[in-house]
Amino acid sequence: MEVLEIVNKIISLTVSVLLVGNVIYPLVAILFRKKYLTCSERGKRRYAVMICARNEEAVIGNLIESIKLQDYPSELVDIYVLADNCTDNTAVEARKSGAEVFARNNKTKIGKGYALNYLYAKIILKKGDVYDGFFVFDADNLLSKDYITKMNRSFKGGMNVVTGIRNSKNFGDNWISAGYAIGWIFQTALLNGGRSVLGIPCFVNGTGFLIGAEVLKQKGGWNYFTLTEDCEFTVDCALSGIEIGICADAEFYDEQPTSFRVAWTQRLRWMRGKYQAFGKYWKASLKGIFSKKTLVYMDAFSNIFPAGFLIFVSAVLTVIQIAASSAGVEAFIISLVSILVKSYLSMLILGLVSTALWWNRIHEKPLRKIFLTLFYPIHIALYIPITFTAAFKSVEWTPIKHNVTKSIRDISKEEKLPVAEIYNEKVR
């Protein structure tokens, strides 16, 4: 049993070191918010918006509308949609809404990474090097009216890649959607906010980000094809010395899963993708820890290291130790309950802090906000068996159907904004 105890302590120490940023970054973000929230005014640049969509006819039009309603000059923003292996009217709806549409049918190279690379190549082939940067969005996203204006300021303020802040269209649907929504607040506002203050590259979370044209040219396109292409891109940028910043007042919205099965499948893909990224970058990121950019490489390594696997192993070892002790069944139950309660409370604090900080930006009744936040620890705890399962299960990329058809006008009404004044202009 002494051996198990030593092994468990080593695992616990390793996990603590890897996850220490989850405590430090939020504290830094809260204490020094103004340092990264303020964006300096810069000249306007020309952008291409890239949207890869698979059977998204229900929501694609609302996203394009929110782009066309931006307060940024419409002549400087071109919208491109890739109808990727679609069997519905996504292409028709996208064209009807004013986007330029390309189609791709490839049953072997499946996934967002392949789709993005294909769309980027099509844009460059048709337009050449006319864009300063490329926005990446998912079809279910909606943009706040000044999103591009604010991202432009940060981008031309010196950032090579800029990510915005993700909010949810359907926080109050159930505990699953709320768990996702709180998780995005924690990751995009608190973790990335802290990274930005400390000079560490922020983490790109799948959508709602801007890439400088020079970055894509340097990388030869979007050559990231793991199941978590965003994680792969982030780590590659960090190791290449490419800055990823955050514009924490540029807000966009997306739809969260409400089905346990869909949520499990999606997160299983994310974890499997992290294993792929770990296999690809662990050596380079580990070597860099002993360089002058220790924090940058340490953060990159911790992002791809499957800490949930070690937590699962540690939990099993802990149960074995308690069960094998001579304290008896009652003591075993008390010890186990104590560990579960402490774990629940520690994760609940993270959830409550995130919800409290974004209280006025979460579109739900107060009591329901609090009630759903109580389930956030369960949402986080599920990553432990998911990470363990992903280590042994073969996973493929599968699309998620989106059904929340809210428009940016609906969001504005929920926020009690003067919709008539904000959107009295014609859709360009």
# chains A, B, ... in the order shown; residues from 1 in each chain; ligands from 1

call {"tool": "residues_around", "arguments": {"residues": "range 30-32 of chain A", "least_positions_apart": "5", "cutoff": "9 Å", "atoms": "only C-alpha atoms", "output": "ChimeraX atom specification"}}
result
/A:25,190,193-194,197,357

call {"tool": "select_by_dssp", "arguments": {"residues": "range 174-269 of chain A", "states": "alpha helix (DSSP H)", "output": "MDAnalysis selection string"}}
result
chainID A and resid 175:184 192:198 213:219 229:240 260:269

call {"tool": "select_by_dssp", "arguments": {"residues": "range 110-218 of chain A", "states": "strand (DSSP E)", "output": "CSV table (one decimal) with N, CA and C atoms, in the first residue's frame"}}
result
chain,number,residue,atom,x,y,z
A,133,GLY,N,-6.8,39.7,-43.0
A,133,GLY,CA,-7.1,38.6,-42.1
A,133,GLY,C,-8.3,37.8,-42.4
A,134,PHE,N,-8.4,36.7,-41.7
A,134,PHE,CA,-9.5,35.8,-42.0
A,134,PHE,C,-10.2,35.5,-40.7
A,135,PHE,N,-11.5,35.7,-40.6
A,135,PHE,CA,-12.3,35.3,-39.5
A,135,PHE,C,-12.8,33.9,-39.7
A,136,VAL,N,-12.9,33.2,-38.6
A,136,VAL,CA,-13.4,31.8,-38.6
A,136,VAL,C,-14.7,31.7,-37.7
A,137,PHE,N,-15.8,31.3,-38.2
A,137,PHE,CA,-17.0,31.1,-37.4
A,137,PHE,C,-17.7,29.8,-37.8
A,138,ASP,N,-18.5,29.3,-36.8
A,138,ASP,CA,-19.3,28.1,-37.0
A,138,ASP,C,-20.7,28.7,-37.4
A,142,LEU,N,-23.6,33.9,-33.7
A,142,LEU,CA,-24.1,35.2,-33.9
A,142,LEU,C,-23.1,36.2,-33.4
A,143,LEU,N,-23.0,37.3,-34.1
A,143,LEU,CA,-22.0,38.3,-33.7
A,143,LEU,C,-22.7,39.6,-33.1
A,161,VAL,N,-3.0,36.8,-34.1
A,161,VAL,CA,-4.2,36.1,-34.0
A,161,VAL,C,-5.0,36.6,-32.8
A,162,VAL,N,-6.3,36.9,-33.0
A,162,VAL,CA,-7.2,37.4,-32.0
A,162,VAL,C,-8.4,36.6,-31.8
A,163,THR,N,-8.8,36.3,-30.5
A,163,THR,CA,-10.0,35.5,-30.3
A,163,THR,C,-10.9,36.4,-29.5
A,164,GLY,N,-12.2,36.2,-29.7
A,164,GLY,CA,-13.2,37.0,-29.0
A,164,GLY,C,-13.8,36.2,-27.8
A,165,ILE,N,-14.9,36.7,-27.2
A,165,ILE,CA,-15.5,36.1,-26.0
A,165,ILE,C,-16.8,35.4,-26.5
A,166,ARG,N,-16.9,34.1,-26.0
A,166,ARG,CA,-18.1,33.3,-26.4
A,166,ARG,C,-19.2,33.3,-25.3
A,167,ASN,N,-20.3,33.7,-25.8
A,167,ASN,CA,-21.5,33.7,-25.0
A,167,ASN,C,-22.5,32.6,-25.5
A,168,SER,N,-23.6,32.3,-24.8
A,168,SER,CA,-24.5,31.2,-25.2
A,168,SER,C,-25.8,31.8,-25.7
A,209,PHE,N,-12.7,33.6,-34.0
A,209,PHE,CA,-11.3,34.2,-33.9
A,209,PHE,C,-10.9,34.7,-35.3
A,210,LEU,N,-9.8,35.5,-35.3
A,210,LEU,CA,-9.3,36.2,-36.4
A,210,LEU,C,-7.8,35.8,-36.6
A,211,ILE,N,-7.5,35.4,-37.8
A,211,ILE,CA,-6.1,35.0,-38.1
A,211,ILE,C,-5.5,36.0,-39.1
A,212,GLY,N,-4.3,36.5,-38.9
A,212,GLY,CA,-3.7,37.4,-39.8
A,212,GLY,C,-3.3,36.6,-41.1

call {"tool": "residues_around", "arguments": {"residues": "range 169-180 of chain A", "least_positions_apart": "6", "cutoff": "7 Å", "atoms": "only C-alpha atoms", "output": "PyMOL selection string"}}
result
chain A and resi 253-258+364+372+375-376+379

call {"tool": "closest_atom_pairs", "arguments": {"of": "range 360-419 of chain A", "to": "range 111-128 of chain A", "cutoff": "9 Å", "atoms": "only C-alpha atoms", "output": "CSV"}}
result
residue,atom,partner,partner_atom,distance
A:Glu396,CA,A:Gly111,CA,8.7
A:Trp397,CA,A:Gly111,CA,5.8
A:Thr398,CA,A:Gly111,CA,7.8
A:Pro399,CA,A:Gly111,CA,8.6

call {"tool": "closest_residue", "arguments": {"among": "A:Ala213, A:Ala94, A:Ile378, A:Cys247", "to": "Asp132 in chain A", "atoms": "only C-alpha atoms"}}
result
A:Ala213

call {"tool": "residues_around", "arguments": {"residues": "Ser16 in chain A", "least_positions_apart": "4", "cutoff": "12 Å", "atoms": "only C-alpha atoms", "output": "PyMOL selection string"}}
result
chain A and resi 9-12+20-24+302+307-308+310-311

call {"tool": "write_last_selection", "arguments": {"atoms": "N, CA and C atoms", "output": "short mmCIF file (atom, residue, chain, number, x, y, z; two decimals), in the first residue's frame"}}
result
data_model
loop_
_atom_site.label_atom_id
_atom_site.label_comp_id
_atom_site.auth_asym_id
_atom_site.auth_seq_id
_atom_site.Cartn_x
_atom_site.Cartn_y
_atom_site.Cartn_z
N LYS A 9 0.60 10.14 -4.80
CA LYS A 9 1.11 11.47 -4.48
C LYS A 9 1.83 12.09 -5.67
N ILE A 10 2.57 11.26 -6.41
CA ILE A 10 3.27 11.76 -7.60
C ILE A 10 2.26 12.22 -8.65
N ILE A 11 1.21 11.41 -8.83
CA ILE A 11 0.16 11.76 -9.80
C ILE A 11 -0.53 13.05 -9.38
N SER A 12 -0.86 13.17 -8.11
CA SER A 12 -1.55 14.37 -7.59
C SER A 12 -0.69 15.62 -7.77
N VAL A 20 -2.47 24.27 -12.40
CA VAL A 20 -2.34 25.46 -11.55
C VAL A 20 -2.81 26.71 -12.28
N GLY A 21 -2.68 26.70 -13.61
CA GLY A 21 -3.13 27.85 -14.39
C GLY A 21 -4.62 28.10 -14.26
N ASN A 22 -5.39 27.04 -13.98
CA ASN A 22 -6.84 27.19 -13.83
C ASN A 22 -7.20 28.02 -12.60
N VAL A 23 -6.25 28.18 -11.71
CA VAL A 23 -6.47 29.02 -10.53
C VAL A 23 -5.82 30.39 -10.73
N ILE A 24 -4.60 30.39 -11.26
CA ILE A 24 -3.85 31.64 -11.39
C ILE A 24 -4.45 32.55 -12.46
N SER A 302 0.49 21.84 -20.88
CA SER A 302 -0.65 21.50 -20.03
C SER A 302 -1.95 21.45 -20.82
N ALA A 307 -4.78 15.43 -18.58
CA ALA A 307 -4.77 15.39 -17.11
C ALA A 307 -5.92 14.56 -16.56
N GLY A 308 -7.04 14.53 -17.28
CA GLY A 308 -8.19 13.77 -16.83
C GLY A 308 -7.89 12.28 -16.67
N LEU A 310 -4.99 11.01 -15.70
CA LEU A 310 -4.29 10.85 -14.42
C LEU A 310 -5.25 11.02 -13.24
N ILE A 311 -6.20 11.94 -13.36
CA ILE A 311 -7.18 12.13 -12.29
C ILE A 311 -8.01 10.87 -12.09
#

call {"tool": "residues_around", "arguments": {"residues": "Arg46 in chain A", "least_positions_apart": "6", "cutoff": "7 Å", "atoms": "only C-alpha atoms", "output": "PDB file with N, CA and C atoms, in the first residue's frame"}}
result
ATOM      1  N   LEU A  76     -15.587  46.130 -46.731  1.00  0.00           N
ATOM      2  CA  LEU A  76     -14.309  45.566 -46.277  1.00  0.00           C
ATOM      3  C   LEU A  76     -14.466  44.169 -45.692  1.00  0.00           C
ATOM      4  N   VAL A  77     -15.658  43.597 -45.789  1.00  0.00           N
ATOM      5  CA  VAL A  77     -15.919  42.259 -45.233  1.00  0.00           C
ATOM      6  C   VAL A  77     -16.604  41.393 -46.283  1.00  0.00           C
ATOM      7  N   TYR A 131      -6.680  40.124 -48.644  1.00  0.00           N
ATOM      8  CA  TYR A 131      -7.218  40.242 -47.284  1.00  0.00           C
ATOM      9  C   TYR A 131      -6.103  40.393 -46.254  1.00  0.00           C
ATOM     10  N   ASP A 132      -6.385  41.202 -45.242  1.00  0.00           N
ATOM     11  CA  ASP A 132      -5.448  41.358 -44.128  1.00  0.00           C
ATOM     12  C   ASP A 132      -5.608  40.249 -43.098  1.00  0.00           C
TER      13      ASP A 132
END

call {"tool": "closest_residue", "arguments": {"among": "A:Asp84, A:Ile339, A:Gln321, A:Phe155", "to": "Val3 in chain A", "atoms": "only C-alpha atoms"}}
result
A:Gln321

call {"tool": "residues_around", "arguments": {"residues": "range 61-69 of chain A", "least_positions_apart": "4", "cutoff": "10 Å", "atoms": "only C-alpha atoms", "output": "MDAnalysis selection string"}}
result
chainID A and resid 49 51 56:57 73:74 77:81 90 92:99 137:148 252:254 405:409 422:428

call {"tool": "atom_distance", "arguments": {"atom1": "CA of Val101 in chain A", "atom2": "CA of Asn85 in chain A"}}
result
13.0 Å

call {"tool": "closest_residue", "arguments": {"among": "A:Phe233, A:Glu2, A:Ala53, A:Ile386", "to": "Arg261 in chain A", "atoms": "only C-alpha atoms"}}
result
A:Ile386

call {"tool": "closest_atom_pairs", "arguments": {"of": "range 188-304 of chain A", "to": "range 342-356 of chain A", "cutoff": "12 Å", "atoms": "only C-alpha atoms", "output": "tab-separated table"}}
result
residue	atom	partner	partner_atom	distance
A:Thr188	CA	A:Ser354	CA	10.6
A:Ala189	CA	A:Ser354	CA	8.6
A:Leu190	CA	A:Ser354	CA	7.9
A:Leu191	CA	A:Ser354	CA	10.7

call {"tool": "write_last_selection", "arguments": {"atoms": "N, CA and C atoms", "output": "PDB file, in the first residue's frame"}}
result
ATOM      1  N   THR A 188     -12.854  31.400 -22.056  1.00  0.00           N
ATOM      2  CA  THR A 188     -12.556  32.545 -22.925  1.00  0.00           C
ATOM      3  C   THR A 188     -12.333  33.840 -22.144  1.00  0.00           C
ATOM      4  N   ALA A 189     -13.119  34.063 -21.090  1.00  0.00           N
ATOM      5  CA  ALA A 189     -12.986  35.317 -20.347  1.00  0.00           C
ATOM      6  C   ALA A 189     -11.939  35.246 -19.244  1.00  0.00           C
ATOM      7  N   LEU A 190     -11.921  34.143 -18.480  1.00  0.00           N
ATOM      8  CA  LEU A 190     -11.039  34.069 -17.317  1.00  0.00           C
ATOM      9  C   LEU A 190      -9.668  33.460 -17.642  1.00  0.00           C
ATOM     10  N   LEU A 191      -9.660  32.274 -18.247  1.00  0.00           N
ATOM     11  CA  LEU A 191      -8.358  31.667 -18.565  1.00  0.00           C
ATOM     12  C   LEU A 191      -7.607  32.490 -19.613  1.00  0.00           C
TER      13      LEU A 191
END

call {"tool": "closest_residue", "arguments": {"among": "A:Ala248, A:Ala331, A:Val28, A:Leu268", "to": "Ile185 in chain A", "atoms": "only C-alpha atoms"}}
result
A:Ala248

call {"tool": "decode", "arguments": {"residues": "range 45-90 of chain A", "atoms": "N, CA and C atoms", "output": "short mmCIF file (atom, residue, chain, number, x, y, z; two decimals), in the first residue's frame"}}
result
data_model
loop_
_atom_site.label_atom_id
_atom_site.label_comp_id
_atom_site.auth_asym_id
_atom_site.auth_seq_id
_atom_site.Cartn_x
_atom_site.Cartn_y
_atom_site.Cartn_z
N ARG A 45 -9.19 47.45 -41.87
CA ARG A 45 -8.57 46.54 -42.82
C ARG A 45 -9.64 45.68 -43.49
N ARG A 46 -9.23 44.95 -44.52
CA ARG A 46 -10.17 44.12 -45.27
C ARG A 46 -10.09 42.67 -44.77
N TYR A 47 -11.26 42.07 -44.58
CA TYR A 47 -11.31 40.73 -44.02
C TYR A 47 -12.19 39.79 -44.84
N ALA A 48 -11.82 38.52 -44.77
CA ALA A 48 -12.66 37.45 -45.31
C ALA A 48 -13.22 36.67 -44.12
N VAL A 49 -14.50 36.36 -44.19
CA VAL A 49 -15.14 35.54 -43.15
C VAL A 49 -15.28 34.12 -43.69
N MET A 50 -14.73 33.16 -42.97
CA MET A 50 -14.79 31.76 -43.41
C MET A 50 -15.75 30.98 -42.51
N ILE A 51 -16.74 30.36 -43.14
CA ILE A 51 -17.74 29.58 -42.41
C ILE A 51 -17.84 28.20 -43.05
N CYS A 52 -17.48 27.17 -42.33
CA CYS A 52 -17.63 25.80 -42.82
C CYS A 52 -18.90 25.22 -42.21
N ALA A 53 -19.81 24.79 -43.06
CA ALA A 53 -21.13 24.36 -42.57
C ALA A 53 -21.51 23.02 -43.18
N ARG A 54 -22.03 22.15 -42.33
CA ARG A 54 -22.55 20.86 -42.80
C ARG A 54 -23.99 20.70 -42.33
N ASN A 55 -24.91 20.78 -43.29
CA ASN A 55 -26.35 20.66 -43.00
C ASN A 55 -26.78 21.66 -41.92
N GLU A 56 -26.57 22.93 -42.20
CA GLU A 56 -26.86 24.01 -41.26
C GLU A 56 -27.88 25.00 -41.82
N GLU A 57 -28.82 24.52 -42.62
CA GLU A 57 -29.78 25.41 -43.25
C GLU A 57 -30.63 26.17 -42.24
N ALA A 58 -30.80 25.63 -41.04
CA ALA A 58 -31.67 26.26 -40.04
C ALA A 58 -31.04 27.50 -39.42
N VAL A 59 -29.71 27.59 -39.40
CA VAL A 59 -29.06 28.67 -38.65
C VAL A 59 -28.12 29.54 -39.48
N ILE A 60 -27.70 29.09 -40.64
CA ILE A 60 -26.68 29.80 -41.41
C ILE A 60 -27.12 31.21 -41.77
N GLY A 61 -28.39 31.40 -42.08
CA GLY A 61 -28.88 32.71 -42.46
C GLY A 61 -28.78 33.73 -41.35
N ASN A 62 -29.03 33.30 -40.11
CA ASN A 62 -28.95 34.21 -38.97
C ASN A 62 -27.53 34.68 -38.72
N LEU A 63 -26.56 33.80 -38.91
CA LEU A 63 -25.17 34.20 -38.75
C LEU A 63 -24.80 35.25 -39.79
N ILE A 64 -25.13 34.97 -41.04
CA ILE A 64 -24.78 35.91 -42.12
C ILE A 64 -25.45 37.26 -41.90
N GLU A 65 -26.69 37.24 -41.43
CA GLU A 65 -27.38 38.49 -41.13
C GLU A 65 -26.62 39.28 -40.08
N SER A 66 -26.16 38.60 -39.03
CA SER A 66 -25.45 39.30 -37.95
C SER A 66 -24.13 39.88 -38.44
N ILE A 67 -23.54 39.25 -39.46
CA ILE A 67 -22.30 39.79 -40.06
C ILE A 67 -22.63 41.03 -40.89
N LYS A 68 -23.72 40.97 -41.62
CA LYS A 68 -24.10 42.10 -42.47
C LYS A 68 -24.61 43.29 -41.66
N LEU A 69 -25.02 43.06 -40.43
CA LEU A 69 -25.49 44.13 -39.57
C LEU A 69 -24.36 44.75 -38.74
N GLN A 70 -23.13 44.37 -39.01
CA GLN A 70 -22.00 44.93 -38.27
C GLN A 70 -21.85 46.42 -38.54
N ASP A 71 -21.31 47.15 -37.57
CA ASP A 71 -21.06 48.57 -37.79
C ASP A 71 -19.74 48.82 -38.50
N TYR A 72 -19.08 47.76 -38.91
CA TYR A 72 -17.84 47.85 -39.68
C TYR A 72 -18.22 48.00 -41.16
N PRO A 73 -17.45 48.75 -41.97
CA PRO A 73 -17.80 48.96 -43.38
C PRO A 73 -18.00 47.64 -44.13
N SER A 74 -19.17 47.48 -44.73
CA SER A 74 -19.51 46.21 -45.39
C SER A 74 -18.62 45.92 -46.58
N GLU A 75 -18.10 46.97 -47.23
CA GLU A 75 -17.23 46.76 -48.40
C GLU A 75 -15.89 46.16 -48.03
N LEU A 76 -15.59 46.13 -46.73
CA LEU A 76 -14.31 45.57 -46.28
C LEU A 76 -14.47 44.17 -45.69
N VAL A 77 -15.66 43.60 -45.79
CA VAL A 77 -15.92 42.26 -45.23
C VAL A 77 -16.60 41.39 -46.28
N ASP A 78 -15.93 40.33 -46.71
CA ASP A 78 -16.50 39.37 -47.66
C ASP A 78 -16.80 38.07 -46.93
N ILE A 79 -17.96 37.51 -47.20
CA ILE A 79 -18.41 36.31 -46.48
C ILE A 79 -18.36 35.10 -47.40
N TYR A 80 -17.66 34.05 -46.94
CA TYR A 80 -17.53 32.81 -47.71
C TYR A 80 -18.04 31.64 -46.89
N VAL A 81 -18.86 30.84 -47.51
CA VAL A 81 -19.41 29.65 -46.86
C VAL A 81 -19.00 28.42 -47.63
N LEU A 82 -18.52 27.41 -46.93
CA LEU A 82 -18.25 26.11 -47.54
C LEU A 82 -19.35 25.15 -47.12
N ALA A 83 -20.16 24.73 -48.09
CA ALA A 83 -21.16 23.70 -47.82
C ALA A 83 -20.44 22.36 -47.89
N ASP A 84 -20.08 21.84 -46.74
CA ASP A 84 -19.20 20.68 -46.64
C ASP A 84 -19.99 19.38 -46.50
N ASN A 85 -20.00 18.58 -47.55
CA ASN A 85 -20.73 17.30 -47.54
C ASN A 85 -22.19 17.48 -47.12
N CYS A 86 -22.81 18.52 -47.62
CA CYS A 86 -24.19 18.84 -47.23
C CYS A 86 -25.21 18.01 -48.03
N THR A 87 -26.30 17.67 -47.35
CA THR A 87 -27.41 16.98 -48.01
C THR A 87 -28.71 17.78 -47.86
N ASP A 88 -28.58 19.02 -47.39
CA ASP A 88 -29.76 19.88 -47.23
C ASP A 88 -29.59 21.16 -48.05
N ASN A 89 -30.28 22.22 -47.67
CA ASN A 89 -30.25 23.47 -48.43
C ASN A 89 -29.33 24.52 -47.81
N THR A 90 -28.25 24.10 -47.17
CA THR A 90 -27.31 25.05 -46.59
C THR A 90 -26.79 26.02 -47.63
#
